[in-house]
file entry-v4.txt (compact mmCIF, C-alpha atoms)
# COMPACT_ATOMS: atom_id res chain seq x y z
CA MET A 1 77.52 60.52 -65.33
CA MET A 2 76.79 62.71 -62.32
CA LYS A 3 73.15 62.87 -63.34
CA ALA A 4 72.87 59.07 -63.39
CA LEU A 5 74.56 58.83 -60.00
CA ASN A 6 72.18 61.37 -58.50
CA MET A 7 69.22 59.47 -59.84
CA ARG A 8 70.52 56.26 -58.22
CA PHE A 9 70.93 57.98 -54.83
CA LEU A 10 67.44 59.43 -55.09
CA PHE A 11 66.00 56.01 -55.87
CA LEU A 12 67.79 54.42 -52.89
CA ALA A 13 66.59 57.23 -50.62
CA LEU A 14 63.00 56.63 -51.66
CA ILE A 15 63.31 52.90 -50.99
CA LEU A 16 64.86 53.56 -47.56
CA ALA A 17 62.11 56.02 -46.63
CA PHE A 18 59.45 53.52 -47.65
CA CYS A 19 61.04 50.78 -45.54
CA LEU A 20 61.28 53.02 -42.48
CA GLN A 21 57.62 53.97 -42.80
CA SER A 22 56.58 50.32 -43.05
CA CYS A 23 58.59 49.36 -39.95
CA ALA A 24 57.11 52.21 -37.96
CA GLY A 25 53.63 50.98 -38.84
CA MET A 26 54.43 47.44 -37.73
CA ASN A 27 55.82 48.56 -34.34
CA GLY A 28 52.87 50.81 -33.57
CA PRO A 29 50.28 50.06 -30.89
CA ALA A 30 48.15 47.02 -31.56
CA SER A 31 44.49 47.54 -32.09
CA PRO A 32 42.45 46.68 -29.01
CA LYS A 33 40.96 43.21 -29.05
CA SER A 34 37.27 42.74 -28.49
CA PRO A 35 36.51 41.42 -24.96
CA VAL A 36 35.88 37.66 -24.65
CA GLN A 37 32.26 36.96 -23.92
CA PRO A 38 31.68 34.59 -20.96
CA PRO A 39 29.82 31.38 -21.77
CA ALA A 40 26.10 31.45 -21.21
CA PRO A 41 25.05 29.86 -17.88
CA ALA A 42 23.82 26.30 -18.19
CA LYS A 43 20.11 25.85 -17.76
CA PRO A 44 19.20 23.94 -14.58
CA VAL A 45 18.10 20.39 -15.23
CA PRO A 46 14.66 19.81 -13.67
CA LEU A 47 14.60 17.08 -11.04
CA PRO A 48 12.34 14.13 -11.73
CA GLU A 49 9.10 14.16 -9.81
CA PRO A 50 8.96 11.63 -6.96
CA VAL A 51 7.12 8.47 -7.85
CA ASP A 52 4.71 7.09 -5.26
CA GLN A 53 5.31 3.53 -4.19
CA THR A 54 2.72 0.94 -5.03
CA PRO A 55 0.88 -0.64 -2.08
CA ALA A 56 2.88 -3.82 -2.58
CA GLN A 57 6.16 -1.89 -2.43
CA SER A 58 5.05 -0.09 0.73
CA VAL A 59 4.04 -3.35 2.39
CA ASN A 60 7.42 -4.84 1.53
CA GLN A 61 9.15 -1.79 3.03
CA ALA A 62 7.08 -2.12 6.20
CA ARG A 63 8.02 -5.78 6.49
CA ILE A 64 11.70 -4.87 6.23
CA HIS A 65 11.30 -2.36 9.07
CA ALA A 66 9.46 -4.91 11.19
CA ALA A 67 12.12 -7.56 10.61
CA ALA A 68 14.72 -5.05 11.81
CA GLY A 69 12.69 -4.37 14.95
CA GLU A 70 11.74 -0.90 13.72
CA TYR A 71 8.08 -1.22 14.61
CA LEU A 72 7.28 2.48 14.68
CA LYS A 73 8.62 2.90 11.15
CA ALA A 74 6.67 -0.15 10.00
CA ILE A 75 3.47 1.19 11.55
CA THR A 76 4.01 4.56 9.88
CA VAL A 77 4.47 2.96 6.45
CA TYR A 78 1.39 0.77 6.87
CA HIS A 79 -0.66 3.70 8.10
CA ASP A 80 0.36 5.98 5.24
CA VAL A 81 -0.36 3.44 2.51
CA HIS A 82 -3.66 2.50 4.16
CA GLN A 83 -4.67 6.16 4.25
CA LYS A 84 -4.01 6.43 0.53
CA ASN A 85 -5.92 3.21 -0.22
CA PRO A 86 -8.73 3.07 2.37
CA LYS A 87 -10.91 0.76 0.26
CA ASP A 88 -8.19 -1.84 -0.30
CA GLU A 89 -9.46 -4.69 1.89
CA HIS A 90 -6.44 -6.87 1.25
CA LEU A 91 -4.17 -4.06 2.43
CA ALA A 92 -6.31 -3.51 5.53
CA ARG A 93 -6.05 -7.20 6.42
CA GLU A 94 -2.30 -7.10 5.86
CA TYR A 95 -2.03 -4.08 8.17
CA ALA A 96 -4.12 -5.75 10.88
CA THR A 97 -2.18 -9.01 10.57
CA PHE A 98 1.06 -7.13 11.13
CA LEU A 99 -0.32 -5.40 14.24
CA ASN A 100 -1.69 -8.62 15.69
CA GLY A 101 1.67 -10.22 15.04
CA ALA A 102 3.42 -7.38 16.88
CA LYS A 103 1.15 -7.92 19.87
CA SER A 104 1.96 -11.65 19.81
CA THR A 105 5.66 -10.88 19.61
CA ALA A 106 5.37 -8.69 22.70
CA ALA A 107 3.62 -11.54 24.53
CA GLU A 108 6.44 -13.93 23.58
CA MET A 109 9.00 -11.45 24.86
CA LEU A 110 7.18 -11.21 28.17
CA GLY A 111 7.15 -14.99 28.42
CA LYS A 112 10.92 -15.03 27.95
CA GLY A 113 11.45 -12.35 30.58
CA GLU A 114 12.46 -9.73 28.01
CA ILE A 115 10.46 -7.08 29.80
CA ALA A 116 12.17 -3.98 28.43
CA ALA A 117 11.92 -5.17 24.81
CA ALA A 118 8.28 -6.15 25.24
CA GLY A 119 7.54 -2.83 26.88
CA ALA A 120 9.13 -0.91 24.02
CA LEU A 121 6.96 -2.75 21.50
CA LEU A 122 3.78 -2.30 23.53
CA TYR A 123 4.64 1.38 23.98
CA ALA A 124 4.96 1.79 20.21
CA LEU A 125 1.57 0.13 19.68
CA LYS A 126 -0.10 2.24 22.35
CA ASN A 127 1.26 5.54 21.05
CA SER A 128 0.28 4.59 17.50
CA TYR A 129 -3.22 3.41 18.38
CA PRO A 130 -4.97 6.41 16.78
CA LYS A 131 -3.44 5.28 13.48
CA PHE A 132 -5.41 2.03 13.66
CA ARG A 133 -8.70 3.77 13.00
CA GLY A 134 -10.72 1.81 10.47
CA ILE A 135 -9.21 -1.58 11.27
CA GLU A 136 -9.91 -1.80 15.01
CA GLN A 137 -12.44 -4.58 14.46
CA MET A 138 -9.69 -6.73 12.93
CA LEU A 139 -7.35 -6.37 15.91
CA SER A 140 -6.93 -8.88 18.71
CA PHE A 141 -6.28 -6.13 21.26
CA ASP A 142 -7.49 -2.70 22.23
CA TYR A 143 -6.07 0.38 23.93
CA ALA A 144 -6.98 -0.83 27.42
CA PHE A 145 -5.13 -4.11 26.85
CA LEU A 146 -1.97 -2.29 25.76
CA ASN A 147 -2.18 0.00 28.76
CA SER A 148 -2.53 -2.91 31.20
CA ARG A 149 0.42 -4.78 29.68
CA LEU A 150 2.53 -1.63 29.81
CA ASP A 151 1.63 -1.15 33.45
CA TYR A 152 2.89 -4.67 34.13
CA CYS A 153 6.16 -3.87 32.35
CA ARG A 154 6.64 -0.65 34.32
CA LYS A 155 6.09 -2.33 37.67
CA THR A 156 8.31 -5.29 36.79
CA LEU A 157 11.21 -3.14 35.60
CA THR A 158 10.94 -0.94 38.68
CA ARG A 159 11.00 -3.94 41.01
CA GLN A 160 13.83 -5.71 39.19
CA GLY A 161 15.89 -2.54 39.14
CA PHE A 162 15.63 -2.07 42.91
CA GLU A 163 16.45 -5.73 43.48
CA GLU A 164 19.67 -5.37 41.50
CA TYR A 165 20.43 -2.08 43.21
CA ARG A 166 20.17 -3.65 46.67
CA LYS A 167 22.52 -6.42 45.56
CA GLY A 168 25.05 -3.81 44.54
CA ASN A 169 24.64 -4.51 40.83
CA LEU A 170 24.51 -0.85 39.87
CA ASN A 171 25.08 -1.37 36.17
CA GLN A 172 22.22 -3.87 35.86
CA ALA A 173 19.94 -1.62 37.89
CA ILE A 174 20.71 1.29 35.57
CA VAL A 175 19.99 -0.82 32.49
CA LEU A 176 16.62 -1.91 33.88
CA TRP A 177 15.63 1.60 34.91
CA GLN A 178 16.66 3.03 31.55
CA GLY A 179 14.43 0.41 29.94
CA LEU A 180 11.65 1.65 32.18
CA LEU A 181 12.24 5.28 31.20
CA ALA A 182 11.98 4.29 27.53
CA ILE A 183 8.32 3.43 28.13
CA ASP A 184 7.70 5.87 30.99
CA PRO A 185 9.75 8.95 30.03
CA ASP A 186 8.04 11.26 32.55
CA ASN A 187 8.90 9.13 35.58
CA GLU A 188 10.91 11.64 37.63
CA GLU A 189 11.51 9.15 40.45
CA MET A 190 13.29 6.76 38.09
CA LYS A 191 15.28 9.57 36.51
CA GLU A 192 16.59 10.47 39.95
CA ALA A 193 17.30 6.80 40.72
CA VAL A 194 19.36 6.50 37.52
CA ARG A 195 21.31 9.68 38.30
CA THR A 196 22.04 8.42 41.81
CA ALA A 197 23.21 5.01 40.60
CA ILE A 198 25.46 6.55 37.95
CA GLN A 199 27.03 8.88 40.52
CA GLN A 200 27.64 5.96 42.85
CA GLN A 201 29.37 4.11 40.01
CA LYS A 202 31.68 7.08 39.45
CA ASN A 203 32.49 7.31 43.15
CA LEU A 204 33.39 3.62 43.28
CA LYS A 205 35.66 3.93 40.25
CA GLU A 206 37.46 6.90 41.80
CA LYS A 207 38.09 4.97 45.02
CA ASN A 208 39.50 2.04 43.10
call {"tool": "encode", "arguments": {"input": "entry-v4.txt", "output": "structure tokens"}}
result
Amino acid sequence: MMKALNMRFLFLALILAFCLQSCAGMNGPASPKSPVQPPAPAKPVPLPEPVDQTPAQSVNQARIHAAAGEYLKAITVYHDVHQKNPKDEHLAREYATFLNGAKSTAAEMLGKGEIAAAGALLYALKNSYPKFRGIEQMLSFDYAFLNSRLDYCRKTLTRQGFEEYRKGNLNQAIVLWQGLLAIDPDNEEMKEAVRTAIQQQKNLKEKN
């Protein structure tokens, strides 16, 4: 009887020891995890190469600039496409037609008394004249003509500005002289006249 009881206790002790060992193993330190690898950087997507405009597309773009009064931009577009296609006679005629039209527009402006606007257009044509190489024979004007018309604009704007100044119309005088400086940016006399008129305007406002 005692022997059987001892055997039972021994069996229970073995089971208990086994359970304790298993629990100790479960509560032990966890094995280190392998570090997470960062994702590989994405490969840059190559940008598409710029596609040159066709001559027709460039001409259309130039016409849009001209319609908006952006004559310098229009001239630049025409010049660039003409440089790329120097043997395209149709393009050369289109370029010359545009320039002759710009000259006619300036003449119409002068006829309407829009001296500053006409001067700005003539100034753009004069400064761009070297870009007309190769189509000069198609033009209805030359460099000397542009210079003479610009001289007329400068003198007219100067005179009109002083007339308004003497009348006490300082704002109108300033507008006219600023139009003059747009086509004669190195005119120091007019710069000083504008500064003087602006200062007089400020003085009058302070008094009032």
call {"tool": "closest_atom_pairs", "arguments": {"input": "entry-v4.txt", "of": "stretch 92-195 of chain A", "to": "stretch 77-85 of chain A", "cutoff": "8 Å", "atoms": "only C-alpha atoms", "output": "JSON lines"}}
result
{"residue": "A:Ala92", "atom": "CA", "partner": "A:His82", "partner_atom": "CA", "distance": 6.7}
{"residue": "A:Tyr95", "atom": "CA", "partner": "A:Tyr78", "partner_atom": "CA", "distance": 6.1}
{"residue": "A:Lys131", "atom": "CA", "partner": "A:His79", "partner_atom": "CA", "distance": 6.3}
{"residue": "A:Phe132", "atom": "CA", "partner": "A:His79", "partner_atom": "CA", "distance": 7.5}
call {"tool": "closest_residue", "arguments": {"input": "entry-v4.txt", "among": "A:Gln172, A:Ser140, A:Asn60, A:Asn203", "to": "A:Leu99", "atoms": "only C-alpha atoms"}}
result
A:Ser140
call {"tool": "residues_around", "arguments": {"input": "entry-v4.txt", "residues": "A:Met109", "least_positions_apart": "3", "cutoff": "12 Å", "atoms": "all atoms listed in the file", "output": "compact mmCIF listing (two decimals) with C-alpha atoms, in the frame of the given file"}}
result
# COMPACT_ATOMS: atom_id res chain seq x y z
CA ALA A 102 3.42 -7.38 16.88
CA LYS A 103 1.15 -7.92 19.87
CA SER A 104 1.96 -11.65 19.81
CA THR A 105 5.66 -10.88 19.61
CA ALA A 106 5.37 -8.69 22.70
CA LYS A 112 10.92 -15.03 27.95
CA GLY A 113 11.45 -12.35 30.58
CA GLU A 114 12.46 -9.73 28.01
CA ILE A 115 10.46 -7.08 29.80
CA ALA A 116 12.17 -3.98 28.43
CA ALA A 117 11.92 -5.17 24.81
CA ALA A 118 8.28 -6.15 25.24
CA GLY A 119 7.54 -2.83 26.88
CA ALA A 120 9.13 -0.91 24.02
CA LEU A 121 6.96 -2.75 21.50
CA LEU A 122 3.78 -2.30 23.53
CA ARG A 149 0.42 -4.78 29.68
CA CYS A 153 6.16 -3.87 32.35
call {"tool": "residues_around", "arguments": {"input": "entry-v4.txt", "residues": "A:Pro130", "least_positions_apart": "4", "cutoff": "12 Å", "atoms": "all atoms listed in the file", "output": "compact mmCIF listing (two decimals) with C-alpha atoms, in the frame of the given file"}}
result
# COMPACT_ATOMS: atom_id res chain seq x y z
CA ILE A 75 3.47 1.19 11.55
CA THR A 76 4.01 4.56 9.88
CA HIS A 79 -0.66 3.70 8.10
CA ALA A 124 4.96 1.79 20.21
CA LEU A 125 1.57 0.13 19.68
CA LYS A 126 -0.10 2.24 22.35
CA GLY A 134 -10.72 1.81 10.47
CA ILE A 135 -9.21 -1.58 11.27
CA GLU A 136 -9.91 -1.80 15.01
CA ASP A 142 -7.49 -2.70 22.23
CA TYR A 143 -6.07 0.38 23.93
call {"tool": "residues_around", "arguments": {"input": "entry-v4.txt", "residues": "stretch 185-191 of chain A", "least_positions_apart": "2", "cutoff": "12 Å", "atoms": "all atoms listed in the file", "output": "list of chain:residue names"}}
result
A:Ala120, A:Tyr123, A:Arg154, A:Lys155, A:Leu157, A:Thr158, A:Arg159, A:Gly161, A:Phe162, A:Ala173, A:Ile174, A:Val175, A:Leu176, A:Trp177, A:Gln178, A:Gly179, A:Leu180, A:Leu181, A:Ala182, A:Ile183, A:Ala193, A:Val194, A:Arg195, A:Thr196, A:Ala197, A:Ile198
call {"tool": "atom_distance", "arguments": {"input": "entry-v4.txt", "atom1": "atom CA of A:Lys167", "atom2": "atom CA of A:Tyr152"}}
result
22.8 Å
call {"tool": "atom_distance", "arguments": {"input": "entry-v4.txt", "atom1": "atom CA of A:Arg166", "atom2": "atom CA of A:Leu150"}}
result
24.5 Å
call {"tool": "closest_residue", "arguments": {"input": "entry-v4.txt", "among": "A:Gln201, A:Phe145, A:Leu91, A:Leu72", "to": "A:Ser58", "atoms": "all atoms listed in the file"}}
result
A:Leu91
call {"tool": "atom_distance", "arguments": {"input": "entry-v4.txt", "atom1": "atom CA of A:Glu192", "atom2": "atom CA of A:Asp151"}}
result
20.0 Å
call {"tool": "closest_residue", "arguments": {"input": "entry-v4.txt", "among": "A:Thr97, A:Gln53, A:Thr156, A:Asn169", "to": "A:Gln137", "atoms": "only C-alpha atoms"}}
result
A:Thr97
call {"tool": "build_atoms", "arguments": {"input": "entry-v4.txt", "residues": "stretch 104-115 of chain A", "atoms": "all heavy atoms", "output": "mmCIF file, in the coordinates of the input"}}
result
data_model
loop_
_atom_site.group_PDB
_atom_site.id
_atom_site.type_symbol
_atom_site.label_atom_id
_atom_site.label_comp_id
_atom_site.auth_asym_id
_atom_site.auth_seq_id
_atom_site.Cartn_x
_atom_site.Cartn_y
_atom_site.Cartn_z
ATOM 1 N N SER A 104 1.532 -10.299 19.456
ATOM 2 C CA SER A 104 1.960 -11.650 19.810
ATOM 3 C C SER A 104 3.453 -11.701 20.115
ATOM 4 O O SER A 104 3.891 -12.415 21.028
ATOM 5 C CB SER A 104 1.619 -12.623 18.678
ATOM 6 O OG SER A 104 0.223 -12.682 18.458
ATOM 7 N N THR A 105 4.220 -10.944 19.355
ATOM 8 C CA THR A 105 5.660 -10.880 19.610
ATOM 9 C C THR A 105 5.948 -10.306 20.990
ATOM 10 O O THR A 105 6.825 -10.798 21.715
ATOM 11 C CB THR A 105 6.349 -10.011 18.535
ATOM 12 O OG1 THR A 105 6.151 -10.604 17.248
ATOM 13 C CG2 THR A 105 7.843 -9.884 18.802
ATOM 14 N N ALA A 106 5.202 -9.279 21.367
ATOM 15 C CA ALA A 106 5.370 -8.690 22.700
ATOM 16 C C ALA A 106 5.039 -9.718 23.780
ATOM 17 O O ALA A 106 5.727 -9.799 24.808
ATOM 18 C CB ALA A 106 4.490 -7.458 22.838
ATOM 19 N N ALA A 107 3.999 -10.510 23.553
ATOM 20 C CA ALA A 107 3.620 -11.540 24.530
ATOM 21 C C ALA A 107 4.726 -12.591 24.661
ATOM 22 O O ALA A 107 5.033 -13.057 25.771
ATOM 23 C CB ALA A 107 2.311 -12.196 24.105
ATOM 24 N N GLU A 108 5.333 -12.966 23.539
ATOM 25 C CA GLU A 108 6.440 -13.930 23.580
ATOM 26 C C GLU A 108 7.628 -13.363 24.340
ATOM 27 O O GLU A 108 8.293 -14.074 25.108
ATOM 28 C CB GLU A 108 6.851 -14.296 22.152
ATOM 29 C CG GLU A 108 5.808 -15.105 21.392
ATOM 30 C CD GLU A 108 6.197 -15.311 19.941
ATOM 31 O OE1 GLU A 108 7.314 -14.900 19.555
ATOM 32 O OE2 GLU A 108 5.377 -15.871 19.183
ATOM 33 N N MET A 109 7.902 -12.091 24.133
ATOM 34 C CA MET A 109 9.000 -11.450 24.860
ATOM 35 C C MET A 109 8.750 -11.458 26.362
ATOM 36 O O MET A 109 9.655 -11.729 27.160
ATOM 37 C CB MET A 109 9.174 -10.005 24.369
ATOM 38 C CG MET A 109 9.716 -9.877 22.966
ATOM 39 S SD MET A 109 9.730 -8.139 22.430
ATOM 40 C CE MET A 109 10.544 -8.277 20.838
ATOM 41 N N LEU A 110 7.514 -11.180 26.743
ATOM 42 C CA LEU A 110 7.180 -11.210 28.170
ATOM 43 C C LEU A 110 7.370 -12.606 28.740
ATOM 44 O O LEU A 110 7.861 -12.772 29.866
ATOM 45 C CB LEU A 110 5.731 -10.746 28.375
ATOM 46 C CG LEU A 110 5.458 -9.249 28.187
ATOM 47 C CD1 LEU A 110 3.964 -8.968 28.289
ATOM 48 C CD2 LEU A 110 6.223 -8.427 29.210
ATOM 49 N N GLY A 111 6.981 -13.607 27.964
ATOM 50 C CA GLY A 111 7.150 -14.990 28.420
ATOM 51 C C GLY A 111 8.605 -15.367 28.607
ATOM 52 O O GLY A 111 8.932 -16.207 29.452
ATOM 53 N N LYS A 112 9.489 -14.746 27.841
ATOM 54 C CA LYS A 112 10.920 -15.030 27.950
ATOM 55 C C LYS A 112 11.615 -14.144 28.985
ATOM 56 O O LYS A 112 12.820 -14.260 29.192
ATOM 57 C CB LYS A 112 11.596 -14.818 26.594
ATOM 58 C CG LYS A 112 11.135 -15.779 25.511
ATOM 59 C CD LYS A 112 11.793 -15.439 24.180
ATOM 60 C CE LYS A 112 11.312 -16.352 23.069
ATOM 61 N NZ LYS A 112 11.911 -15.988 21.750
ATOM 62 N N GLY A 113 10.853 -13.253 29.595
ATOM 63 C CA GLY A 113 11.450 -12.350 30.580
ATOM 64 C C GLY A 113 12.117 -11.137 29.965
ATOM 65 O O GLY A 113 12.833 -10.407 30.658
ATOM 66 N N GLU A 114 11.874 -10.898 28.681
ATOM 67 C CA GLU A 114 12.460 -9.730 28.010
ATOM 68 C C GLU A 114 11.509 -8.543 28.197
ATOM 69 O O GLU A 114 10.849 -8.079 27.269
ATOM 70 C CB GLU A 114 12.678 -10.037 26.531
ATOM 71 C CG GLU A 114 13.625 -11.208 26.299
ATOM 72 C CD GLU A 114 13.670 -11.652 24.843
ATOM 73 O OE1 GLU A 114 12.934 -11.067 24.011
ATOM 74 O OE2 GLU A 114 14.428 -12.583 24.530
ATOM 75 N N ILE A 115 11.470 -8.065 29.429
ATOM 76 C CA ILE A 115 10.460 -7.080 29.800
ATOM 77 C C ILE A 115 10.668 -5.742 29.091
ATOM 78 O O ILE A 115 9.711 -5.136 28.597
ATOM 79 C CB ILE A 115 10.462 -6.860 31.332
ATOM 80 C CG1 ILE A 115 10.404 -8.204 32.070
ATOM 81 C CG2 ILE A 115 9.296 -5.968 31.730
ATOM 82 C CD1 ILE A 115 9.195 -9.029 31.759
#
